[in-house]
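These notes are about the structure you will find just below.
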Protein chains: 4
Amino acid sequence: MSTDNTIFERRESEARSYCRSFPTRFVRAKGSEMWDADGKRYIDFLAGCSSLNYGHNDDDMQAALIEHIKADGITHGLDMFTETKADFLTTFEEVVLKPRGMDYKVMMTGPTGTNAVEAALKLARKVTGRKNVIAFTNGFHGMTMGALAATGNAGKRAGAGTDLDGVTRMPFEGALEGIDSLSYLEQMLSNGSSGIDAPAAFLIEPIQGEGGLNAASKEFLQGLQRLAKEHGALLILDDIQAGCGRAGSFFSFEDMDVQPDLIPMAKSFSGMGLPFAALLMKPEHDIWGPAEHNGTFRGNTHAFVTARVALEKFWKDDAFQRELAEKSVLLTTGLQAIADEIPGATLKGRGLMQGVDVGSGDLAGAICARCFEAGLIIETSGAEDEVVKVLAPLTTSPALMEEGLGILLDATRALTDNNKIAAE
Amino acid sequence: MSTDNTIFERRESEARSYCRSFPTRFVRAKGSEMWDADGKRYIDFLAGCSSLNYGHNDDDMQAALIEHIKADGITHGLDMFTETKADFLTTFEEVVLKPRGMDYKVMMTGPTGTNAVEAALKLARKVTGRKNVIAFTNGFHGMTMGALAATGNAGKRAGAGTDLDGVTRMPFEGALEGIDSLSYLEQMLSNGSSGIDAPAAFLIEPIQGEGGLNAASKEFLQGLQRLAKEHGALLILDDIQAGCGRAGSFFSFEDMDVQPDLIPMAKSFSGMGLPFAALLMKPEHDIWGPAEHNGTFRGNTHAFVTARVALEKFWKDDAFQRELAEKSVLLTTGLQAIADEIPGATLKGRGLMQGVDVGSGDLAGAICARCFEAGLIIETSGAEDEVVKVLAPLTTSPALMEEGLGILLDATRALTDNNKIAAE
Amino acid sequence: MSTDNTIFERRESEARSYCRSFPTRFVRAKGSEMWDADGKRYIDFLAGCSSLNYGHNDDDMQAALIEHIKADGITHGLDMFTETKADFLTTFEEVVLKPRGMDYKVMMTGPTGTNAVEAALKLARKVTGRKNVIAFTNGFHGMTMGALAATGNAGKRAGAGTDLDGVTRMPFEGALEGIDSLSYLEQMLSNGSSGIDAPAAFLIEPIQGEGGLNAASKEFLQGLQRLAKEHGALLILDDIQAGCGRAGSFFSFEDMDVQPDLIPMAKSFSGMGLPFAALLMKPEHDIWGPAEHNGTFRGNTHAFVTARVALEKFWKDDAFQRELAEKSVLLTTGLQAIADEIPGATLKGRGLMQGVDVGSGDLAGAICARCFEAGLIIETSGAEDEVVKVLAPLTTSPALMEEGLGILLDATRALTDNNKIAAE
Amino acid sequence: MSTDNTIFERRESEARSYCRSFPTRFVRAKGSEMWDADGKRYIDFLAGCSSLNYGHNDDDMQAALIEHIKADGITHGLDMFTETKADFLTTFEEVVLKPRGMDYKVMMTGPTGTNAVEAALKLARKVTGRKNVIAFTNGFHGMTMGALAATGNAGKRAGAGTDLDGVTRMPFEGALEGIDSLSYLEQMLSNGSSGIDAPAAFLIEPIQGEGGLNAASKEFLQGLQRLAKEHGALLILDDIQAGCGRAGSFFSFEDMDVQPDLIPMAKSFSGMGLPFAALLMKPEHDIWGPAEHNGTFRGNTHAFVTARVALEKFWKDDAFQRELAEKSVLLTTGLQAIADEIPGATLKGRGLMQGVDVGSGDLAGAICARCFEAGLIIETSGAEDEVVKVLAPLTTSPALMEEGLGILLDATRALTDNNKIAAE
């Protein structure tokens, strides 16, 4: 690459990471494609880690945002009432809540997923008067101290430099061989001498984005809901990565017949990738005092504009959702072809949040690196980074999807051929 | 007001707060003025709690942002390299670091102040291998669990619903009558049986924004720096509210001859009120592993655009800083006139971050409420909300500043007259 | 009962407990019998919760202790060197350590089991530099804050009034239906994203005294030992209740081919029921600084006298151990007869630490209450107090053992007959 | 010394400490004297760290204990009712409580001071529903995790190997130069943004035994009592070391007109140095559930015997107390003579709990070492071990007191002469 990246080496923290996997300088992005400073074009199968479900720079969102800016619309309004926020809330109520028969209030938290999770944990503890939160293996909920305590990854946890208390870990569905996770949880909670303190909440991702695309079944989530009720705990479904259509419907748990008490939302919630997060709460749990949890950037006004457009454009009827169902099949087919190249490989996830467990982090990493050279941005997931994960924009055209999957297949073949040769 | 706010009551969390003090619906804002749905105009002496130091919708920032959007510039780029980030970092190096002889690396944290503080705490603990952080009375550092532990306010702390450990509280300069805070801290740290565990860091705001506009002196900050060195702790100066010109210079501590180890920045760092936060670190402390602290919205690309414009427009030479010095005098004069109306009232803060301690939260609240009716947005600060705080945009014209101060003076007079009558 | 117990009601705390189950005033005790103020005689199947394994007031211990007192032997010697301590340590080395090929150092902790456990936890954390301790369901390790964190009982835990952190709970062998506890533990420790922090220690009772007489198998303890080694954790076998012959050999794990890193001892360690506790440590772990853990009553000198006599009298050869094997069979036979009276009842424990799980705490409590009336002191155990537990002195004669078991059988029959009648 | 101490080196933990300062093997002790294996006699100015206030092996206690043992009196009775406990409680009520107009209930905790402190902390937290405990600089309350959190010494704290949370540290009276400790505490508690969470209790020693013989004044303790009431906290006076006559009256705070809510007692409470501890509670605070805090050795029956004798022998009238007043003067005079030898030395403590702050731990250690050679057992205290502390039995005859003080004076002179020579 011709670009000079010394400014980053000189001035940007060693914490930087994606730029290490994709070492070029990006300048432009549209839909499911990005271009770097050399004019090279990439298909984006990462989509801002599911923050760009509607693709880069959607025309309608761009237009609405530019119009808002030109009109001197509020940019930063703390949590004052604005026309823009009213429009967003009204649209959210009409397009999302009412058709699904959901009655939730919206808390504008700081514009990060971790902030929405922290708010959820605070609220669950306030509502129940308890401290202990049940979180699950391979869960990822954020990097601030409260959310980090609920995150499983050892490296991330070590970064705390201090204690991460108040969380009890339970196995995600299917996490352990020969262990029925729900039965385990139920028996531990039922034993008065188990040493598991009465829980304030169960905190779980319906599909674990960072943890390896593990998807909970309807039975598992309903079982959790039943146990939560029996034990006086709140059910928190963290839909930050799996929500906003990623799993095939607006919420990832729509077909599951569960009614979570709290739902942290972020990533694609703004539609266009702008920082935005919110906590959805059953009204009876909204016992916050004014500013009891607050933050300077809560309720990003630019994001209200694009979030509203996203709801109006994609979720007013079921056309988009039907489109997702079709693409999901296409994706499964493509990934199966890739899995077939690798002995023991299995498909993970569901909807537009699928991947292939290739059995080793080294192989998965090598595949992604080769894809990047060939013009495809794609990343790994899982405790050992062993899952090649496709998070393409939901709006990716079938043709582009096929093209990306083709690159992925070629890269896989090249590497597994190499492996075969090496093994001989 | 004619506007219907039932959508907020129906769908927005009870945590909402500023909208309770300013119960109207805003539609437009420019410079130091805002307009509501009824067309009523307000002077803004709150400025997004110091997030709008350059005023609402600065023309140049607007133009640059619109141009970026129109060109399909990256909106969300995770922490990949982008042209836009390179431009921001280069400008920051040229305009801020070099002229001040400062050598710092920039960590793009999640786009909230609390996230930058959490990163600072993690890093201080990692660098020192210690847990205990010394924070100060009336300190405000954020609402996520790690930062909240360092925040003093009892109500905010109670919101945690669980323990806030790992922080030892010390008195801010002048917080206690008859107690020399620095001597107290020094003696406690020097006694091997004091029960104060060896500190990882001192975390302090040079001027306490939420805590009552308490401004630390050069002697105090230098004393802290000396003690930090002697005891192997890092000095973290939280410049989130007082930085970006608010105190009269880019950093609030520029004249203090202190070299903080870590500097969390947020609020006005993006220039235009867009969510953005960063942690500045002395290079020797940048021992992060890749993604050891991360977040989906770290390094908001739209904010890189406006932040760069802010630096170029206001900080390339010392014209703006000289302007601030003049306005600061104007502000002091105006506030003194107000303080003169109230027996026992005192001035607080410095630079464009000044206020009047009116002795009671009730009076301060009443003054602010009356101001709002008269078209001035202004808020209180302090443990008992006893300080009327002026956080006008730094770009506020002298005429507008005078107008706002006039409204404040009238409101004060009206209420103190009422009080006199009531007292008779 | 004729005795007046108002002094206890007036002046002793409501925390008192056994006196509620056995509401009489005891005046004298010898061997396996106790007498109350009315001269009524009781067989003691509780034995100070296994603190009186050699019976009440053993003649030889009495004589040695009286001789020591008469000679103005040291009563309280802090942790100075005394002739008495030297004699005890020498005897312990000769009688216990050498024949078993064990190389351990002895730490004289405060004279309570919980203090020995606290010392063990401190040391494991110091040795490994880690915090997390793996404890097990139904475990009981003491009531001070460090040990309480490792104790499972919900009521005891609630008594803390604050947080009990630093412990991860795992299922004891066989605790959960359909769950292989060792496999569960192994898989959780092997997953880098399980959220289980690297352990400093595994803390477990080979037989859970308070938790329901659950006895770990050789395979389970060896599995733990293997996992501890693999994961860099220390293996702490808490032999406070099961040690000193209770399980049939001096240590409860002698036939298990495990070499615990740390062994907290208490209860019958003094031989005569005097307060005494110690922590046995593999020499390589004895990295304590002088007085790093200390306590005024560490190393009770009177207890050194009786503890030495106990070792000399009972453990110099294998006669006592063979006797225990025979009594153990007698006990099993007797308890089986009782279990046969109750549908679904099962035998628990091993050695002289056996009981009957009668399926309900109410029934177990009623049986014990009826036994007390008939002159037998016996208590329950288990999370729901569902196990009738026999902890008779190991020195109980076969005749007395039969007599006690007879009372227990009668009580059981009477109550189960009643139940049958009630059920009809 | 002729004795062979290799058994201790081989088998006793490196945690051993006093034996390092007094490296001989003791065999016999009576009153204020001890004899080692070589027949060398020592005057004991340490008295088991104030556990032997009535001297070693008091004749009457010996006789009563031997009689109890011979009669097969209960040795270990858990917390069942015994004749022996009834006698002790009745005597305690008659001799201690009634004459002082005190109404307290007695909780038999595990027989260590730290256990009584743990019980006090649990109870204070239960009564108030709060977690935060205010403890003081240089405080020493025990080595188990709950009590250790309240202990100030850095070395002891480091031994925890994990976090010691739930305690806020405040300066003891006079601990800091130029700082009014009570004013500091009051102002910190009154500021709603101080970050000091509402306290469950103040935990303080009226005279700090390990912390340097710092004695709180009546004004200070009354001030604490007032603040505790105002802020809804319990006042816990830890009289473990200063109680039982050590300060000149049975409780150290008798002349102070304070009514502590909770009083942990241990050390000399058994009279003869047997392990024994208790928590005294105002009846309204006795909200324990049965066995909510328990322990195998709670209520050591041998100790009930000797504790009762101690009360009857020494506290039935005020003769002993008057004797203590006289001895206290004698001690002050003797220590002043010693202090006069050392420039800058000051007297510390009060009653029979006095010492000399010689300004350096090295000097204090050297003095004690020289005293040991000359036949006097005496130890240091204070954060830097800078105080030579006299804790002679209260029953020490004036002649023996003079003899011991003479040795101390000689040792001091020898060393300060040496110092003078070295300094020239």
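Residue numbering restarts at 1 for every chain of the structure tokens, chains are lettered A, B, ... in their displayed order, and ligands are numbered from 1 as they appear.
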
Exercise. Contacts of Ala278 of chain A at 8 Å or less, counting only C-alpha atoms, minus same-chain residues fewer than 2 places along, as a ChimeraX atom specification?
Worked result: /A:106-111,113,116,264-266,276,280

For the residues in the current selection, export N, CA, C and O atoms as a tab-separated table (two decimals), in the first residue's frame.
chain	number	residue	atom	x	y	z
A	106	VAL	N	-38.25	3.76	26.46
A	106	VAL	CA	-36.92	3.89	25.88
A	106	VAL	C	-36.08	4.79	26.76
A	106	VAL	O	-36.47	5.90	27.06
A	107	MET	N	-34.94	4.28	27.19
A	107	MET	CA	-34.00	5.10	27.94
A	107	MET	C	-32.85	5.43	27.03
A	107	MET	O	-32.20	4.53	26.49
A	108	MET	N	-32.61	6.73	26.87
A	108	MET	CA	-31.49	7.16	26.06
A	108	MET	C	-30.25	7.13	26.94
A	108	MET	O	-30.07	7.99	27.80
A	109	THR	N	-29.43	6.13	26.75
A	109	THR	CA	-28.21	6.01	27.55
A	109	THR	C	-27.08	6.69	26.80
A	109	THR	O	-27.27	7.20	25.70
A	110	GLY	N	-25.91	6.69	27.38
A	110	GLY	CA	-24.74	7.11	26.62
A	110	GLY	C	-24.68	6.30	25.34
A	110	GLY	O	-25.13	5.15	25.31
A	111	PRO	N	-24.13	6.87	24.25
A	111	PRO	CA	-24.24	6.26	22.92
A	111	PRO	C	-23.26	5.12	22.67
A	111	PRO	O	-22.58	5.08	21.65
A	113	GLY	N	-22.93	0.64	23.37
A	113	GLY	CA	-23.62	-0.55	23.84
A	113	GLY	C	-23.33	-0.84	25.30
A	113	GLY	O	-24.21	-1.21	26.08
A	116	ALA	N	-25.51	1.05	27.61
A	116	ALA	CA	-26.87	0.52	27.71
A	116	ALA	C	-26.90	-0.70	28.62
A	116	ALA	O	-27.85	-0.92	29.39
A	264	PRO	N	-31.10	-4.04	25.93
A	264	PRO	CA	-30.12	-3.05	25.50
A	264	PRO	C	-29.99	-3.11	23.97
A	264	PRO	O	-29.88	-4.19	23.40
A	265	MET	N	-30.02	-1.93	23.35
A	265	MET	CA	-29.86	-1.83	21.90
A	265	MET	C	-28.72	-0.85	21.59
A	265	MET	O	-28.53	0.13	22.29
A	266	ALA	N	-28.00	-1.11	20.49
A	266	ALA	CA	-26.96	-0.17	20.05
A	266	ALA	C	-26.59	-0.55	18.62
A	266	ALA	O	-27.47	-0.88	17.84
A	276	PHE	N	-25.04	5.55	19.07
A	276	PHE	CA	-26.40	5.62	19.59
A	276	PHE	C	-26.67	4.32	20.34
A	276	PHE	O	-26.32	3.24	19.86
A	280	LEU	N	-34.35	-0.55	26.28
A	280	LEU	CA	-35.80	-0.72	26.29
A	280	LEU	C	-36.21	-1.42	27.59
A	280	LEU	O	-35.56	-2.38	28.01

Exercise. Residues of chain A within 12 Å of chain D, using only C-alpha atoms, as an MDAnalysis selection string?
Worked result: chainID A and resid 129 162:165

Problem set entry | Between atom CA of Leu227 of chain D and atom CA of Glu386 of chain B, distance in Å (one decimal) |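 Atom-to-atom, atom CA of Leu227 of chain D and atom CA of Glu386 of chain B are spaced 24.4 Å apart.
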
For this session: Determine which residues of segment 37-259 of chain B DSSP labels as helix (DSSP H, G or I) from the backbone of this structure, then write them out as a ChimeraX atom specification.
Result: /B:47-50,59-70,83-100,113-128,145-149,154-158,181-190,218-230,254-256

I want to know what sits within 7 Å of Arg370 of chain B, based on only C-alpha atoms, with residues of the same chain fewer than 4 positions away left out; could you give that as an mmCIF file with N, CA and C atoms, in the first residue's frame?
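Below you can see out-v4.cif, which holds the result:
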data_model
loop_
_atom_site.group_PDB
_atom_site.id
_atom_site.type_symbol
_atom_site.label_atom_id
_atom_site.label_comp_id
_atom_site.auth_asym_id
_atom_site.auth_seq_id
_atom_site.Cartn_x
_atom_site.Cartn_y
_atom_site.Cartn_z
ATOM 1 N N ALA B 366 -34.510 28.158 41.721
ATOM 2 C CA ALA B 366 -35.537 29.147 41.406
ATOM 3 C C ALA B 366 -35.021 30.182 40.414
ATOM 4 N N ALA B 374 -37.601 33.595 31.067
ATOM 5 C CA ALA B 374 -37.172 34.827 30.410
ATOM 6 C C ALA B 374 -36.281 34.566 29.198
ATOM 7 N N ALA B 411 -33.446 37.961 37.178
ATOM 8 C CA ALA B 411 -34.058 36.821 37.874
ATOM 9 C C ALA B 411 -33.603 36.788 39.329
#

Problem set entry | Exercise: segment 131-138 of chain C partners within 7 Å, only C-alpha atoms, chain neighbours under 2 positions left out, as JSON, numbers by chain | {"A": [193, 194, 195], "C": [125, 129, 140, 150, 152, 153, 166, 167, 168, 169, 170, 171, 172, 197, 198, 199, 200, 201, 202, 203, 204, 211, 383], "D": [161, 162]}

For this session: Apply DSSP to the backbone of this structure and, from segment 216-415 of chain D, keep only the residues in strand (DSSP E or B); write these as a count of residues only.
Result: 31

Exercise. Near Asn53 of chain B, counting only C-alpha atoms, which residues have an atom at most 6 Å away, once you skip same-chain residues fewer than 2 positions from it, shown as a list in words?
Worked result: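 Residues near the query, excluding close chain neighbours: Ser50, Ser51, Gly55, Ser268, Pro393 and Leu394 of chain B.
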
Written file, previous selection with N, CA, C and O atoms, as a JSON list (two decimals), in the first residue's frame:
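In the end it all went to out18.json:
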[["chain", "number", "residue", "atom", "x", "y", "z"],
["B", 50, "SER", "N", -21.06, 22.13, 28.37],
["B", 50, "SER", "CA", -19.69, 22.37, 27.87],
["B", 50, "SER", "C", -19.31, 21.46, 26.71],
["B", 50, "SER", "O", -18.14, 21.34, 26.38],
["B", 51, "SER", "N", -20.31, 20.88, 26.06],
["B", 51, "SER", "CA", -20.03, 20.09, 24.86],
["B", 51, "SER", "C", -20.09, 20.95, 23.60],
["B", 51, "SER", "O", -19.73, 20.49, 22.51],
["B", 55, "GLY", "N", -20.20, 26.74, 20.13],
["B", 55, "GLY", "CA", -21.57, 27.09, 19.77],
["B", 55, "GLY", "C", -22.26, 26.00, 18.97],
["B", 55, "GLY", "O", -21.64, 25.02, 18.53],
["B", 268, "SER", "N", -16.53, 18.78, 24.41],
["B", 268, "SER", "CA", -16.31, 19.64, 23.22],
["B", 268, "SER", "C", -15.18, 19.15, 22.32],
["B", 268, "SER", "O", -14.79, 19.86, 21.39],
["B", 393, "PRO", "N", -21.38, 29.10, 25.35],
["B", 393, "PRO", "CA", -20.38, 28.82, 24.32],
["B", 393, "PRO", "C", -19.26, 29.85, 24.41],
["B", 393, "PRO", "O", -19.50, 31.03, 24.73],
["B", 394, "LEU", "N", -18.05, 29.39, 24.15],
["B", 394, "LEU", "CA", -16.90, 30.30, 24.22],
["B", 394, "LEU", "C", -16.99, 31.35, 23.14],
["B", 394, "LEU", "O", -16.36, 32.40, 23.22]]

For this session: Find the spatial neighbours of Met256 of chain C, counting only C-alpha atoms, within a cut-off of 10 Å - ignore same-chain residues fewer than 6 positions away - and output them as number ranges by chain.
Result: C: 206, 216-222

Exercise. If we count only C-alpha atoms, what is near segment 61-74 of chain C at a cut-off of 7 Å, once residues fewer than 2 positions away on the same chain are taken out, given as a count of residues only?
Worked result: 19

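Among the candidates A:Cys368, A:Val127, A:Met143, A:Ala339, the residue lying nearest to Thr114 of chain B is A:Met143 (atoms considered: only C-alpha atoms).
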
For this session: Find the residue from D:Met145, D:Asp410, D:Asp4, D:Gly271 that sits nearest to Phe304 of chain D; use only C-alpha atoms when measuring.
Result: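 With only C-alpha atoms as the atom set, the closest residue is D:Gly271.
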
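Here atom CA of Thr395 of chain B and atom CA of Lys40 of chain B stand 21.5 Å from one another.
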